[in-house]
$ cat my_file19.txt   # compact mmCIF, C-alpha atoms (C1' of nucleotides)
# COMPACT_ATOMS: atom_id res chain seq x y z
CA MET B 1 3.48 -5.55 -14.40
CA LYS B 2 5.57 -4.53 -17.36
CA ARG B 3 8.57 -3.04 -15.58
CA SER B 4 11.49 -1.04 -16.74
CA LEU B 5 14.40 -3.43 -17.05
CA GLU B 6 16.59 -1.62 -14.59
CA THR B 7 15.08 -1.17 -11.20
CA ILE B 8 14.67 2.50 -10.45
CA GLN B 9 16.96 3.87 -7.80
CA TYR B 10 15.19 6.06 -5.30
CA ASP B 11 16.56 8.08 -2.44
CA LYS B 12 17.29 5.82 0.54
CA LYS B 13 15.17 7.87 2.90
CA ALA B 14 12.31 7.98 0.43
CA GLU B 15 12.48 4.21 0.19
CA ALA B 16 12.57 3.75 3.94
CA LEU B 17 9.66 6.11 4.44
CA ALA B 18 7.64 4.33 1.75
CA MET B 19 8.43 1.01 3.42
CA TYR B 20 7.09 2.15 6.78
CA ALA B 21 4.16 3.90 5.15
CA LYS B 22 3.26 0.67 3.42
CA ALA B 23 3.18 -1.10 6.76
CA LEU B 24 0.78 1.60 7.97
CA SER B 25 -1.33 1.59 4.82
CA HIS B 26 -4.01 -0.74 6.16
CA PRO B 27 -6.39 0.33 8.96
CA MET B 28 -6.10 -3.07 10.59
CA ARG B 29 -2.36 -2.68 10.97
CA VAL B 30 -2.75 0.85 12.32
CA SER B 31 -5.31 -0.52 14.78
CA ILE B 32 -2.93 -3.27 15.88
CA LEU B 33 -0.21 -0.72 16.53
CA ASN B 34 -2.60 1.54 18.44
CA TYR B 35 -3.59 -1.45 20.52
CA LEU B 36 0.04 -2.29 21.17
CA GLU B 37 0.81 1.28 22.19
CA ASN B 38 -1.87 1.15 24.85
CA GLN B 39 -1.28 -2.40 26.06
CA THR B 40 2.51 -2.28 25.86
CA CYS B 41 2.37 -5.83 24.53
CA CYS B 42 -0.19 -8.38 23.39
CA TYR B 43 -0.74 -11.88 22.11
CA THR B 44 -2.13 -12.81 18.73
CA GLY B 45 -5.15 -14.25 20.49
CA ASP B 46 -5.98 -10.90 22.08
CA LEU B 47 -6.28 -9.37 18.64
CA VAL B 48 -8.37 -12.25 17.34
CA ASP B 49 -10.80 -11.57 20.19
CA VAL B 50 -10.93 -7.84 19.56
CA PHE B 51 -11.01 -7.65 15.77
CA PRO B 52 -13.49 -9.41 13.48
CA LEU B 53 -10.92 -10.99 11.22
CA ALA B 54 -9.78 -14.59 10.85
CA GLN B 55 -6.81 -15.70 12.93
CA SER B 56 -4.79 -16.36 9.79
CA THR B 57 -5.48 -12.89 8.46
CA ILE B 58 -4.40 -11.23 11.67
CA SER B 59 -1.30 -13.38 11.72
CA GLN B 60 -0.52 -12.16 8.22
CA HIS B 61 -0.84 -8.53 9.24
CA LEU B 62 1.44 -9.18 12.22
CA LYS B 63 3.96 -10.72 9.86
CA GLU B 64 3.98 -7.60 7.70
CA LEU B 65 4.46 -5.36 10.71
CA LYS B 66 7.29 -7.61 11.82
CA ASN B 67 8.88 -7.58 8.37
CA ALA B 68 8.74 -3.81 8.34
CA GLY B 69 10.46 -3.91 11.73
CA LEU B 70 7.75 -2.07 13.61
CA ILE B 71 7.00 -4.93 15.99
CA GLN B 72 8.83 -7.90 17.39
CA GLY B 73 7.64 -11.23 18.77
CA GLU B 74 8.88 -12.88 21.91
CA LEU B 75 8.29 -16.59 22.46
CA LYS B 76 6.18 -17.08 25.57
CA PRO B 77 5.07 -20.65 24.95
CA PRO B 78 2.61 -21.57 23.86
CA LYS B 79 1.89 -17.95 23.04
CA ILE B 80 3.86 -15.24 21.35
CA LYS B 81 4.08 -11.84 22.91
CA TYR B 82 4.25 -8.99 20.45
CA CYS B 83 5.68 -5.61 21.31
CA ILE B 84 6.57 -2.49 19.42
CA ASN B 85 10.18 -2.46 18.27
CA GLN B 86 11.20 0.76 19.95
CA GLU B 87 14.39 1.19 17.96
CA ASN B 88 12.75 1.07 14.56
CA TRP B 89 9.74 2.90 15.87
CA ALA B 90 12.01 5.82 16.69
CA ILE B 91 13.57 5.65 13.23
CA ALA B 92 10.15 5.71 11.56
CA LYS B 93 9.01 8.53 13.80
CA GLU B 94 12.05 10.56 12.85
CA LEU B 95 11.55 9.86 9.14
CA PHE B 96 7.94 11.01 9.21
CA ASN B 97 8.78 14.01 11.35
CA ARG B 98 11.41 15.17 8.89
CA PHE B 99 9.22 14.40 5.93
CA PHE B 100 6.40 16.58 7.20
CA ASP B 101 8.82 19.47 7.77
CA MET H 1 -10.69 -11.41 -2.09
CA LYS H 2 -13.15 -13.31 0.05
CA ARG H 3 -14.38 -10.55 2.33
CA SER H 4 -16.47 -10.59 5.43
CA LEU H 5 -20.00 -9.62 4.52
CA GLU H 6 -20.12 -6.56 6.71
CA THR H 7 -17.36 -4.10 6.10
CA ILE H 8 -15.23 -3.78 9.18
CA GLN H 9 -15.53 -0.52 11.05
CA TYR H 10 -12.23 0.93 12.07
CA ASP H 11 -11.44 3.96 14.12
CA LYS H 12 -11.79 7.13 12.02
CA LYS H 13 -8.28 8.31 12.80
CA ALA H 14 -6.84 4.89 12.06
CA GLU H 15 -8.60 4.97 8.71
CA ALA H 16 -7.39 8.46 7.91
CA LEU H 17 -3.83 7.60 8.86
CA ALA H 18 -3.94 4.44 6.75
CA MET H 19 -5.27 6.49 3.83
CA TYR H 20 -2.39 8.95 3.98
CA ALA H 21 0.10 6.17 4.61
CA LYS H 22 -1.14 4.42 1.49
CA ALA H 23 -0.47 7.54 -0.53
CA LEU H 24 3.08 7.52 0.87
CA SER H 25 3.59 3.80 0.38
CA HIS H 26 5.40 4.08 -2.94
CA PRO H 27 8.90 5.60 -3.21
CA MET H 28 7.94 7.42 -6.37
CA ARG H 29 5.15 9.25 -4.60
CA VAL H 30 7.40 10.11 -1.69
CA SER H 31 9.93 11.41 -4.20
CA ILE H 32 7.31 13.55 -5.90
CA LEU H 33 6.33 15.08 -2.58
CA ASN H 34 9.96 15.71 -1.67
CA TYR H 35 10.41 17.40 -5.01
CA LEU H 36 7.32 19.51 -4.42
CA GLU H 37 8.51 20.54 -0.99
CA ASN H 38 11.73 21.88 -2.45
CA GLN H 39 10.32 23.46 -5.58
CA THR H 40 7.13 24.77 -3.97
CA CYS H 41 5.32 23.73 -7.14
CA CYS H 42 5.96 21.81 -10.34
CA TYR H 43 4.50 20.64 -13.61
CA THR H 44 3.95 17.06 -14.64
CA GLY H 45 6.57 17.51 -17.32
CA ASP H 46 9.22 18.44 -14.77
CA LEU H 47 8.74 15.08 -13.09
CA VAL H 48 8.77 13.23 -16.40
CA ASP H 49 12.19 14.79 -17.05
CA VAL H 50 13.55 13.93 -13.63
CA PHE H 51 12.20 10.43 -13.07
CA PRO H 52 12.64 7.42 -15.38
CA LEU H 53 8.99 6.48 -15.57
CA ALA H 54 6.48 6.82 -18.37
CA GLN H 55 4.41 10.00 -18.46
CA SER H 56 1.23 8.01 -17.95
CA THR H 57 2.65 6.32 -14.88
CA ILE H 58 3.69 9.59 -13.30
CA SER H 59 0.28 11.02 -14.08
CA GLN H 60 -1.26 8.08 -12.26
CA HIS H 61 0.86 8.67 -9.17
CA LEU H 62 -0.10 12.33 -9.21
CA LYS H 63 -3.72 11.30 -9.38
CA GLU H 64 -3.35 9.15 -6.29
CA LEU H 65 -1.68 11.93 -4.36
CA LYS H 66 -4.47 14.25 -5.44
CA ASN H 67 -7.14 11.73 -4.42
CA ALA H 68 -5.53 11.42 -1.02
CA GLY H 69 -5.66 15.20 -0.81
CA LEU H 70 -1.93 15.71 -0.38
CA ILE H 71 -1.54 17.77 -3.55
CA GLN H 72 -3.69 19.97 -5.70
CA GLY H 73 -3.49 20.96 -9.34
CA GLU H 74 -3.94 24.43 -10.73
CA LEU H 75 -4.73 24.90 -14.42
CA LYS H 76 -1.96 26.90 -16.06
CA PRO H 77 -2.73 26.08 -19.68
CA PRO H 78 -1.49 24.12 -21.34
CA LYS H 79 0.25 22.91 -18.23
CA ILE H 80 -0.96 21.99 -14.79
CA LYS H 81 0.84 23.31 -11.76
CA TYR H 82 0.89 20.95 -8.82
CA CYS H 83 1.40 22.12 -5.27
CA ILE H 84 1.15 20.55 -1.87
CA ASN H 85 -2.27 20.96 -0.31
CA GLN H 86 -1.17 22.71 2.84
CA GLU H 87 -4.40 22.16 4.70
CA ASN H 88 -4.45 18.40 4.33
CA TRP H 89 -0.70 18.26 4.69
CA ALA H 90 -1.09 19.75 8.15
CA ILE H 91 -3.79 17.24 8.98
CA ALA H 92 -1.61 14.33 7.90
CA LYS H 93 1.34 15.73 9.78
CA GLU H 94 -0.73 15.98 12.92
CA LEU H 95 -2.05 12.43 12.51
CA PHE H 96 1.43 10.95 12.13
CA ASN H 97 2.78 13.07 14.98
CA ARG H 98 0.10 11.82 17.33
CA PHE H 99 0.44 8.27 16.11
CA PHE H 100 4.16 8.15 16.85
CA ASP H 101 3.56 9.42 20.38
C1' DA U 1 3.37 -40.86 24.15
C1' DA U 2 -1.00 -38.54 23.28
C1' DA U 3 -3.89 -34.58 23.52
C1' DA U 4 -4.56 -29.77 23.70
C1' DC U 5 -3.31 -25.08 22.75
C1' DC U 6 -1.76 -21.34 20.12
C1' DA U 7 0.11 -19.23 16.19
C1' DA U 8 2.36 -19.63 11.57
C1' DT U 9 2.04 -21.22 7.00
C1' DC U 10 -0.21 -23.12 2.79
C1' DG U 11 -3.41 -22.97 -0.93
C1' DT U 12 -6.72 -20.44 -3.13
C1' DA U 13 -9.56 -16.59 -4.90
C1' DA U 14 -10.72 -11.91 -5.65
C1' DA U 15 -9.36 -7.18 -5.60
C1' DT U 16 -6.03 -3.77 -6.12
C1' DT U 17 -1.68 -1.76 -7.62
C1' DT U 18 1.85 -0.72 -10.82
C1' DG U 19 3.44 0.03 -15.26
C1' DC U 20 3.36 0.81 -20.24
C1' DG U 21 1.87 2.40 -24.89
C1' DA U 22 -1.83 4.38 -27.29
C1' DT U 23 -5.43 7.50 -27.40
C1' DA U 24 -8.26 11.36 -25.95
C1' DA U 25 -8.84 15.90 -24.10
C1' DT U 26 -7.87 20.74 -23.47
C1' DA U 27 -6.18 25.12 -24.43
C1' DA U 28 -2.82 28.07 -26.77
C1' DA U 29 -0.54 29.35 -30.90
C1' DA U 30 -0.04 29.58 -35.76
C1' DT E 1 -9.35 26.38 -38.17
C1' DT E 2 -5.53 23.49 -37.93
C1' DT E 3 -1.52 22.45 -35.45
C1' DT E 4 1.13 22.06 -31.28
C1' DA E 5 1.95 21.28 -26.47
C1' DT E 6 0.82 19.19 -22.33
C1' DT E 7 -1.49 16.05 -19.43
C1' DA E 8 -5.26 12.74 -18.40
C1' DT E 9 -7.42 8.51 -19.40
C1' DC E 10 -8.05 3.87 -21.48
C1' DG E 11 -6.89 -0.87 -22.08
C1' DC E 12 -4.11 -4.25 -20.94
C1' DA E 13 -0.79 -7.45 -18.34
C1' DA E 14 1.85 -8.79 -14.42
C1' DA E 15 2.58 -8.44 -9.57
C1' DT E 16 1.00 -7.77 -5.10
C1' DT E 17 -2.38 -7.48 -1.39
C1' DT E 18 -6.14 -9.03 1.31
C1' DA E 19 -8.91 -12.51 3.08
C1' DC E 20 -10.37 -17.10 4.32
C1' DG E 21 -10.36 -22.10 5.76
C1' DA E 22 -7.43 -25.92 6.38
C1' DT E 23 -3.22 -27.66 7.75
C1' DT E 24 1.15 -27.75 10.02
C1' DG E 25 4.49 -26.87 13.69
C1' DG E 26 5.96 -26.19 18.25
C1' DT E 27 5.11 -26.50 23.44
C1' DT E 28 2.96 -27.83 27.29
C1' DT E 29 -0.16 -30.73 29.74
C1' DT E 30 -2.09 -34.91 30.62

$ encode --input "my_file19.txt" --output "structure tokens"
Amino acid sequence: MKRSLETIQYDKKAEALAMYAKALSHPMRVSILNYLENQTCCYTGDLVDVFPLAQSTISQHLKELKNAGLIQGELKPPKIKYCINQENWAIAKELFNRFFD
Amino acid sequence: MKRSLETIQYDKKAEALAMYAKALSHPMRVSILNYLENQTCCYTGDLVDVFPLAQSTISQHLKELKNAGLIQGELKPPKIKYCINQENWAIAKELFNRFFD
DNA sequence: AAAACCAATCGTAAATTTGCGATAATAAAA
DNA sequence: TTTTATTATCGCAAATTTACGATTGGTTTT
């Protein structure tokens, strides 16, 4: 896109909130997080069984959630166990709480 | 994108949360909402003065927030006064509250 | 060492998002 | 009625997102 030359500087909290919101902006990713909240943890394969999306697509969504810091993966060869990252989860929770007054 | 033929059916609340999250997924839109929370209401022109983005771009962001239901516009010719849509705001707040346990 | 298992990454394609300038639309004011 | 003020919309271009199948990369069995 034709961008302004200088990158716009936004408020740090606004940027952080937008970052987490972006991670939550797809129903599949919200569903994954809901699933994780109930199951405590899960493997990629569990999600592939539950949701009608290709394994590679689900893996991509997991990657985005991981990049946003909302989940973390633990090597449990040959599987990978994903859990919610409680620390960042709390940060996001606080951000949204404050945002919505 | 190459989509599955049948559209995937997600949980209604997951879809609603994702919809609101999408509206919040850009720092400019978060900034607009922060501004609106402090000022109660504002005109498009106010935002054009405050933020270094083209008027058309800001108008587009406002449109997205309106489509998501988070704000509403009141004709105040020749201006348009934007306010937070309290009803939907409360719904979104509740959704995020529940989501983050 | 070879085979099997599971998940990440690559390559690709289509859709969507973001941004801008230019133009249109609407209503008030002159 | 013409001009002015304000905001929305259009048309375009670049970037990003979403999705898939195919391939690769680690580990563990065999």

$ interface_residues --input "my_file19.txt" --of "chain U" --to "chain B" --cutoff "9 Å" --atoms "only C-alpha atoms (C1' of nucleotides)" --output "MDAnalysis selection string"
chainID U and resid 5:9 18:20

$ residues_around --input "my_file19.txt" --residues "B:Leu62" --least-positions-apart "5" --cutoff "10 Å" --atoms "all atoms listed in the file" --output "list in words"
Ala23, Met28, Arg29, Ile32, Leu33, Thr44, Ser56, Thr57, Asn67, Ala68, Leu70, Ile71, Gln72, Gly73 and Tyr82 of chain B

$ write_last_selection --input "my_file19.txt" --atoms "C-alpha atoms" --output "compact mmCIF listing (two decimals), in the frame of the given file"
# COMPACT_ATOMS: atom_id res chain seq x y z
CA ALA B 23 3.18 -1.10 6.76
CA MET B 28 -6.10 -3.07 10.59
CA ARG B 29 -2.36 -2.68 10.97
CA ILE B 32 -2.93 -3.27 15.88
CA LEU B 33 -0.21 -0.72 16.53
CA THR B 44 -2.13 -12.81 18.73
CA SER B 56 -4.79 -16.36 9.79
CA THR B 57 -5.48 -12.89 8.46
CA ASN B 67 8.88 -7.58 8.37
CA ALA B 68 8.74 -3.81 8.34
CA LEU B 70 7.75 -2.07 13.61
CA ILE B 71 7.00 -4.93 15.99
CA GLN B 72 8.83 -7.90 17.39
CA GLY B 73 7.64 -11.23 18.77
CA TYR B 82 4.25 -8.99 20.45

$ interface_residues --input "my_file19.txt" --of "chain E" --to "chain B" --cutoff "7 Å" --atoms "only C-alpha atoms (C1' of nucleotides)" --output "short mmCIF file (atom, residue, chain, number, x, y, z; two decimals) with C-alpha atoms (C1' of nucleotides), in the frame of the given file"
data_model
loop_
_atom_site.label_atom_id
_atom_site.label_comp_id
_atom_site.auth_asym_id
_atom_site.auth_seq_id
_atom_site.Cartn_x
_atom_site.Cartn_y
_atom_site.Cartn_z
"C1'" DA E 13 -0.79 -7.45 -18.34
"C1'" DA E 14 1.85 -8.79 -14.42
"C1'" DA E 15 2.58 -8.44 -9.57
"C1'" DA E 19 -8.91 -12.51 3.08
"C1'" DT E 27 5.11 -26.50 23.44
#

$ interface_residues --input "my_file19.txt" --of "chain H" --to "chain B" --cutoff "6 Å" --atoms "all atoms listed in the file" --output "VMD selection string"
chain H and resid 14 to 15 18 21 to 22 24 to 27 30 93 100

$ atom_distance --input "my_file19.txt" --atom1 "atom CA of B:Asp49" --atom2 "atom CA of H:Arg98"
26.0 Å

$ closest_residue --input "my_file19.txt" --among "E:DT29, E:DT17, E:DT2, E:DT23" --to "U:DA14" --atoms "all atoms listed in the file"
E:DT17

$ atom_distance --input "my_file19.txt" --atom1 "atom CA of H:Glu74" --atom2 "atom CA of H:Asp46"
15.0 Å
